[in-house]
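Peer 1: Provided below: target.cif, containing mmCIF, C-alpha atoms.
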```cif
data_structure
loop_
_atom_site.label_atom_id
_atom_site.label_comp_id
_atom_site.auth_asym_id
_atom_site.auth_seq_id
_atom_site.Cartn_x
_atom_site.Cartn_y
_atom_site.Cartn_z
CA MET A 1 -73.96 36.24 45.58
CA SER A 2 -73.04 36.04 49.26
CA ASP A 3 -70.40 33.80 50.80
CA PRO A 4 -71.40 31.13 53.33
CA PHE A 5 -70.02 31.43 56.88
CA PHE A 6 -70.68 29.57 60.13
CA PHE A 7 -70.78 31.12 63.59
CA GLY A 8 -68.88 28.97 66.10
CA TYR A 9 -69.39 29.47 69.84
CA GLY A 10 -67.74 26.34 71.32
CA SER A 11 -64.82 24.28 70.06
CA LEU A 12 -65.01 26.00 66.65
CA VAL A 13 -63.68 29.16 68.35
CA ASN A 14 -60.41 27.27 68.81
CA ARG A 15 -58.68 27.55 65.43
CA ALA A 16 -56.53 24.49 66.24
CA THR A 17 -59.65 22.31 65.88
CA HIS A 18 -60.37 23.18 62.24
CA ASP A 19 -58.71 24.41 59.05
CA PHE A 20 -61.06 27.24 58.08
CA THR A 21 -58.64 30.08 57.35
CA ASP A 22 -61.00 32.99 56.60
CA ALA A 23 -62.09 33.30 60.24
CA HIS A 24 -62.97 36.39 62.29
CA PRO A 25 -64.15 37.20 65.83
CA ALA A 26 -67.87 38.00 65.84
CA ILE A 27 -70.89 38.54 68.07
CA LEU A 28 -74.23 36.72 67.80
CA ARG A 29 -77.12 38.79 69.18
CA GLY A 30 -80.30 37.22 70.52
CA TRP A 31 -78.75 33.83 71.35
CA ARG A 32 -77.13 32.29 74.40
CA ARG A 33 -74.84 29.31 75.05
CA VAL A 34 -75.98 26.46 77.30
CA TRP A 35 -74.77 22.96 78.18
CA ARG A 36 -77.04 20.24 76.78
CA HIS A 37 -76.91 16.63 75.71
CA THR A 38 -78.71 14.86 72.91
CA GLN A 39 -79.31 11.16 72.35
CA LEU A 40 -77.10 11.50 69.25
CA ARG A 41 -74.01 11.91 71.46
CA PRO A 42 -72.90 10.15 74.63
CA VAL A 43 -71.73 13.33 76.38
CA ALA A 44 -72.96 16.91 76.74
CA PHE A 45 -71.82 19.79 74.54
CA LEU A 46 -72.58 23.45 74.16
CA THR A 47 -75.54 24.52 72.12
CA ALA A 48 -76.89 27.94 71.25
CA GLU A 49 -80.51 28.84 71.77
CA PRO A 50 -82.51 31.98 71.05
CA ALA A 51 -82.62 34.39 73.99
CA GLU A 52 -83.81 37.98 73.82
CA GLY A 53 -81.44 40.68 75.00
CA VAL A 54 -78.39 38.40 75.12
CA GLU A 55 -75.30 38.19 72.93
CA ILE A 56 -72.39 35.79 72.74
CA GLU A 57 -68.94 36.06 71.25
CA GLY A 58 -67.63 33.53 68.82
CA LEU A 59 -65.85 33.05 65.53
CA ILE A 60 -67.27 33.22 62.03
CA ALA A 61 -65.49 31.38 59.25
CA HIS A 62 -65.99 31.03 55.52
CA VAL A 63 -67.20 27.66 54.23
CA PRO A 64 -65.37 27.37 50.88
CA ASN A 65 -67.50 26.48 47.85
CA ASP A 66 -70.61 26.31 50.06
CA ASP A 67 -69.42 22.78 50.98
CA TRP A 68 -71.01 22.12 54.36
CA ALA A 69 -70.58 18.31 54.24
CA ALA A 70 -67.51 17.96 56.52
CA LEU A 71 -68.80 20.58 58.96
CA ASP A 72 -72.28 19.00 59.00
CA GLU A 73 -70.64 15.67 59.85
CA ARG A 74 -68.59 17.24 62.65
CA GLU A 75 -71.67 18.97 64.03
CA GLY A 76 -73.93 15.96 63.41
CA ALA A 77 -76.12 16.37 66.49
CA TYR A 78 -77.02 19.94 65.50
CA ASP A 79 -79.25 21.66 62.96
CA ARG A 80 -78.17 24.78 61.08
CA SER A 81 -80.09 28.06 61.44
CA HIS A 82 -79.68 31.23 59.40
CA VAL A 83 -78.55 34.10 61.65
CA THR A 84 -77.00 36.58 59.20
CA GLY A 85 -78.87 39.62 60.54
CA ASP A 86 -77.99 38.75 64.14
CA VAL A 87 -74.21 38.61 63.65
CA GLY A 88 -71.85 41.53 64.11
CA HIS A 89 -68.56 40.96 62.30
CA PRO A 90 -65.70 42.76 60.51
CA VAL A 91 -66.17 41.14 57.06
CA THR A 92 -66.89 43.77 54.42
CA ARG A 93 -68.15 41.53 51.59
CA ASP A 94 -71.67 40.11 51.39
CA ILE A 95 -71.96 36.98 53.54
CA HIS A 96 -74.68 34.78 55.00
CA VAL A 97 -74.12 33.16 58.36
CA GLN A 98 -75.51 29.98 59.90
CA VAL A 99 -75.20 28.67 63.45
CA TYR A 100 -75.38 25.06 64.62
CA SER A 101 -77.73 24.34 67.51
CA ILE A 102 -79.59 21.41 69.00
CA PRO A 103 -83.28 21.98 68.22
CA HIS A 104 -85.63 22.60 71.14
CA GLY A 105 -87.15 19.35 72.31
CA LYS A 106 -84.23 17.25 71.04
CA HIS A 107 -81.92 17.81 73.99
CA GLY A 108 -81.77 17.22 77.69
CA VAL A 109 -79.96 18.46 80.74
CA PRO A 110 -76.49 16.94 81.26
CA ASP A 111 -76.21 14.36 84.02
CA GLU A 112 -73.61 11.88 85.25
CA THR A 113 -74.51 9.55 82.37
CA HIS A 114 -74.12 12.44 79.88
CA PRO A 115 -71.49 14.76 81.43
CA VAL A 116 -69.51 17.63 79.96
CA LEU A 117 -65.98 16.52 79.09
CA LEU A 118 -63.28 18.64 80.73
CA SER A 119 -61.11 18.08 77.64
CA TYR A 120 -63.86 19.71 75.53
CA LEU A 121 -64.24 22.63 77.95
CA ASP A 122 -60.44 23.09 77.91
CA VAL A 123 -60.50 23.40 74.10
CA VAL A 124 -63.33 25.93 74.21
CA VAL A 125 -61.67 28.10 76.88
CA GLN A 126 -58.32 27.95 75.07
CA GLY A 127 -60.08 29.27 71.95
CA TYR A 128 -61.79 32.10 73.82
CA LEU A 129 -58.52 33.05 75.47
CA ALA A 130 -56.73 33.21 72.10
CA GLU A 131 -59.51 35.20 70.40
CA PHE A 132 -60.80 37.45 73.18
CA GLY A 133 -58.22 37.37 76.00
CA GLU A 134 -58.99 36.79 79.68
CA ALA A 135 -61.94 39.21 79.47
CA GLY A 136 -63.42 36.96 76.77
CA VAL A 137 -62.99 33.92 79.00
CA THR A 138 -64.81 35.81 81.75
CA ARG A 139 -67.67 36.63 79.36
CA PHE A 140 -67.76 32.98 78.21
CA PHE A 141 -68.25 31.67 81.75
CA GLU A 142 -70.68 34.45 82.71
CA THR A 143 -72.90 34.09 79.62
CA THR A 144 -73.05 30.29 79.42
CA GLY A 145 -75.91 28.51 81.15
CA GLY A 146 -75.93 25.10 82.77
CA TRP A 147 -72.87 25.14 85.03
CA ASP A 148 -74.69 22.73 87.32
CA ALA A 149 -73.83 20.02 84.74
CA PRO A 150 -71.35 17.40 85.96
CA ILE A 151 -67.94 17.80 84.32
CA LEU A 152 -65.98 14.61 83.77
CA ASP A 153 -62.25 15.06 84.40
CA ASP A 154 -60.75 13.28 81.39
CA ARG A 155 -57.60 15.43 81.13
CA ALA A 156 -55.22 12.51 81.79
CA ALA A 157 -56.73 10.53 78.88
CA PRO A 158 -58.92 12.89 76.82
CA VAL A 159 -62.10 11.45 75.39
CA TYR A 160 -62.74 14.51 73.21
CA ARG A 161 -61.11 13.75 69.88
CA ARG A 162 -60.03 17.34 69.19
CA ALA A 163 -58.44 17.77 72.62
CA GLN A 164 -55.55 20.24 72.79
CA GLU A 165 -52.66 20.51 75.20
CA LEU A 166 -53.07 23.43 77.57
CA SER A 167 -50.28 25.41 79.16
CA ALA A 168 -50.06 25.46 82.96
CA ASP A 169 -51.54 28.98 82.95
CA GLU A 170 -54.45 27.91 80.70
CA THR A 171 -55.16 24.90 82.93
CA ALA A 172 -55.10 27.11 86.04
CA LEU A 173 -57.48 29.59 84.35
CA VAL A 174 -60.00 26.84 83.58
CA ASN A 175 -59.70 25.38 87.09
CA ASP A 176 -60.15 28.81 88.71
CA TRP A 177 -63.30 29.46 86.68
CA LEU A 178 -64.72 26.05 87.50
CA LYS A 179 -64.39 26.98 91.18
CA GLN A 180 -66.03 30.37 90.56
CA VAL A 181 -69.06 28.84 88.84
CA VAL A 182 -69.17 26.12 91.51
CA ALA A 183 -68.93 23.39 88.90
CA ARG A 184 -69.12 19.77 89.98
CA VAL A 185 -66.07 18.01 88.54
CA ILE A 186 -66.33 14.25 88.72
CA ALA A 187 -63.49 11.74 88.50
CA ARG A 188 -63.23 9.39 85.57
CA VAL A 189 -63.88 5.82 86.62
#
```
In structure tokens, how does this file's structure come out?
Peer 2:
Amino acid sequence: MSDPFFFGYGSLVNRATHDFTDAHPAILRGWRRVWRHTQLRPVAFLTAEPAEGVEIEGLIAHVPNDDWAALDEREGAYDRSHVTGDVGHPVTRDIHVQVYSIPHGKHGVPDETHPVLLSYLDVVVQGYLAEFGEAGVTRFFETTGGWDAPILDDRAAPVYRRAQELSADETALVNDWLKQVVARVIARV
């Protein structure tokens, strides 16, 4: 019998946002990350969508006792898809892997009413930096679609409930990349 794992490509890459201990860097082939919003959430988040010839880095982690309930609640706006054959990973035992994504047709493009939270982006980038170094952060920004989405600067009072404190260097790294991708950061009203 194979063990259940999830593939995380956003905040789940940041180990400070969850307590899944059997976690490993991994690659998901044939999918890409993109900023989207769904009517199930007031702000935009990352989703993964099938895309030929593309791969994204992330983190796989074991779901003990096949108990998806807490993770399904956390990822409530997403559906789970089986991606076992598309994931490259270092785990030597038999596993099956699922990824959370917003189904096609159930999401929209972020706008000022449904922006990306900077506190969420900070968490994601901090996770990629810890797992994959600065080169991984570069790949994250270069392989994620939708940087024309407005990004709400909520750093002073984070809206994202799993927000993490960033070091000055981490903050500068995020800010530099936002300039490179010509992101539109909007002030919180």
Peer 1: Counting all atoms listed in the file, which residues have an atom no more than 10 Å from (-74.9, 28.5, 81.2) in the file's coordinates? Please list them as a list in words.
Peer 2: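 The distance filter leaves exactly Arg32, Arg33, Val34, Trp35, Arg36, Leu46, Thr47, Phe140, Phe141, Glu142, Thr143, Thr144, Gly145, Gly146, Trp147, Asp148, Ala149 and Val181 of chain A.
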Peer 1: Residues of the last selection are to be written out with C-alpha atoms, as a PDB file, in the frame of the given file.
Peer 2:
```
ATOM      1  CA  ARG A  32     -77.130  32.290  74.400  1.00  0.00           C
ATOM      2  CA  ARG A  33     -74.840  29.310  75.050  1.00  0.00           C
ATOM      3  CA  VAL A  34     -75.980  26.460  77.300  1.00  0.00           C
ATOM      4  CA  TRP A  35     -74.770  22.960  78.180  1.00  0.00           C
ATOM      5  CA  ARG A  36     -77.040  20.240  76.780  1.00  0.00           C
ATOM      6  CA  LEU A  46     -72.580  23.450  74.160  1.00  0.00           C
ATOM      7  CA  THR A  47     -75.540  24.520  72.120  1.00  0.00           C
ATOM      8  CA  PHE A 140     -67.760  32.980  78.210  1.00  0.00           C
ATOM      9  CA  PHE A 141     -68.250  31.670  81.750  1.00  0.00           C
ATOM     10  CA  GLU A 142     -70.680  34.450  82.710  1.00  0.00           C
ATOM     11  CA  THR A 143     -72.900  34.090  79.620  1.00  0.00           C
ATOM     12  CA  THR A 144     -73.050  30.290  79.420  1.00  0.00           C
ATOM     13  CA  GLY A 145     -75.910  28.510  81.150  1.00  0.00           C
ATOM     14  CA  GLY A 146     -75.930  25.100  82.770  1.00  0.00           C
ATOM     15  CA  TRP A 147     -72.870  25.140  85.030  1.00  0.00           C
ATOM     16  CA  ASP A 148     -74.690  22.730  87.320  1.00  0.00           C
ATOM     17  CA  ALA A 149     -73.830  20.020  84.740  1.00  0.00           C
ATOM     18  CA  VAL A 181     -69.060  28.840  88.840  1.00  0.00           C
TER      19      VAL A 181
END
```
Peer 1: May I ask which of the residues A:Thr17, A:Asp22, A:Gly53, A:Phe5 is the closest one to Trp68 of chain A, counting all atoms listed in the file?
Peer 2: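 Under the stated criterion, the closest residue is A:Phe5.
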Peer 1: Select from segment 9-61 of chain A every residue with an atom at most 10 Å from any atom of segment 151-174 of chain A, then for each give the shortest pair of atoms and their distance in Å to one decimal, using all atoms listed in the file, rows by chain and rising number, as a Markdown table.
Peer 2:
```
| residue | atom | partner | partner_atom | distance |
| --- | --- | --- | --- | --- |
| A:Ser11 | CA | A:Arg162 | CA | 8.5 |
| A:Asn14 | CA | A:Gln164 | CA | 9.4 |
| A:Ala16 | CA | A:Gln164 | CA | 7.9 |
| A:Thr17 | CA | A:Arg162 | CA | 6.0 |
| A:His18 | CA | A:Arg162 | CA | 9.1 |
| A:Val43 | CA | A:Leu152 | CA | 9.5 |
| A:Ala44 | CA | A:Ile151 | CA | 9.1 |
```
Peer 1: Restricted to C-alpha atoms, what would the selected residues look like written as a short mmCIF file (atom, residue, chain, number, x, y, z; two decimals), keeping the file's coordinate frame?
Peer 2:
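Result file is again23.cif:
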```
data_model
loop_
_atom_site.label_atom_id
_atom_site.label_comp_id
_atom_site.auth_asym_id
_atom_site.auth_seq_id
_atom_site.Cartn_x
_atom_site.Cartn_y
_atom_site.Cartn_z
CA SER A 11 -64.82 24.28 70.06
CA ASN A 14 -60.41 27.27 68.81
CA ALA A 16 -56.53 24.49 66.24
CA THR A 17 -59.65 22.31 65.88
CA HIS A 18 -60.37 23.18 62.24
CA VAL A 43 -71.73 13.33 76.38
CA ALA A 44 -72.96 16.91 76.74
#
```
Peer 1: Using only C-alpha atoms, pick whichever of A:Val137, A:Ile27, A:Leu59, A:Met1 has the shortest atom-to-atom distance to Val125 of chain A.
Peer 2: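 The closest residue to Val125 of chain A is A:Val137.
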Peer 1: Can you work out the spacing between atom CA of Arg184 of chain A and atom CA of Leu40 of chain A in Å, to one decimal?
Peer 2: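 We find that atom CA of Arg184 of chain A and atom CA of Leu40 of chain A lie 23.7 Å from each other.
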Peer 1: Let me make sure I understand: among A:Gly58, A:Gly105, A:Gly8, A:Pro50, which one has the smallest atom-to-atom distance to Leu71 of chain A if we use all atoms listed in the file?
Peer 2: A:Gly8
Peer 1: Evaluate the PyMOL selection byres ((chain A and resi 2) around 7) here and jot the selected residues down as a VMD selection string.
Peer 2: chain A and resid 1 3 to 4 94 to 96
Peer 1: Given the file shown, enumerate the residues that the PyMOL selection byres ((chain A and resi 81) around 12) captures and present them as a PyMOL selection string.
Peer 2: chain A and resi 5-7+31+48-50+78-80+82-86+96-103
Peer 1: Expand the PyMOL selection byres ((chain A and resi 23) around 9) into the explicit residue set it covers here, and present it as a list in words.
Peer 2: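 So the PyMOL selection byres ((chain A and resi 23) around 9) ends up selecting Phe5, Arg15, Phe20, Thr21, Asp22, His24, Pro25, Leu59, Ile60, Ala61 and His62 of chain A.
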Peer 1: Adding 5 Å on each side of the box along x, y and z that holds all listed atoms of segment 127-143 of chain A, could you give its centre and edge lengths in Å to one decimal, as lines of an AutoDock Vina configuration file?
Peer 2:
```
center_x = -64.8
center_y = 34.2
center_z = 76.6
size_x = 26.2
size_y = 19.9
size_z = 22.3
```
Peer 1: Hey, can you check how far atom CA of Ala187 of chain A sits from atom CA of Leu117 of chain A?
Peer 2: 10.8 Å
Peer 1: Considering all atoms listed in the file, state which residue in the set A:Gln126, A:Thr113, A:Asn65, A:Thr38 is at the smallest distance from Gly10 of chain A.
Peer 2: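 Ranked by minimum distance to Gly10 of chain A, first place goes to A:Gln126.
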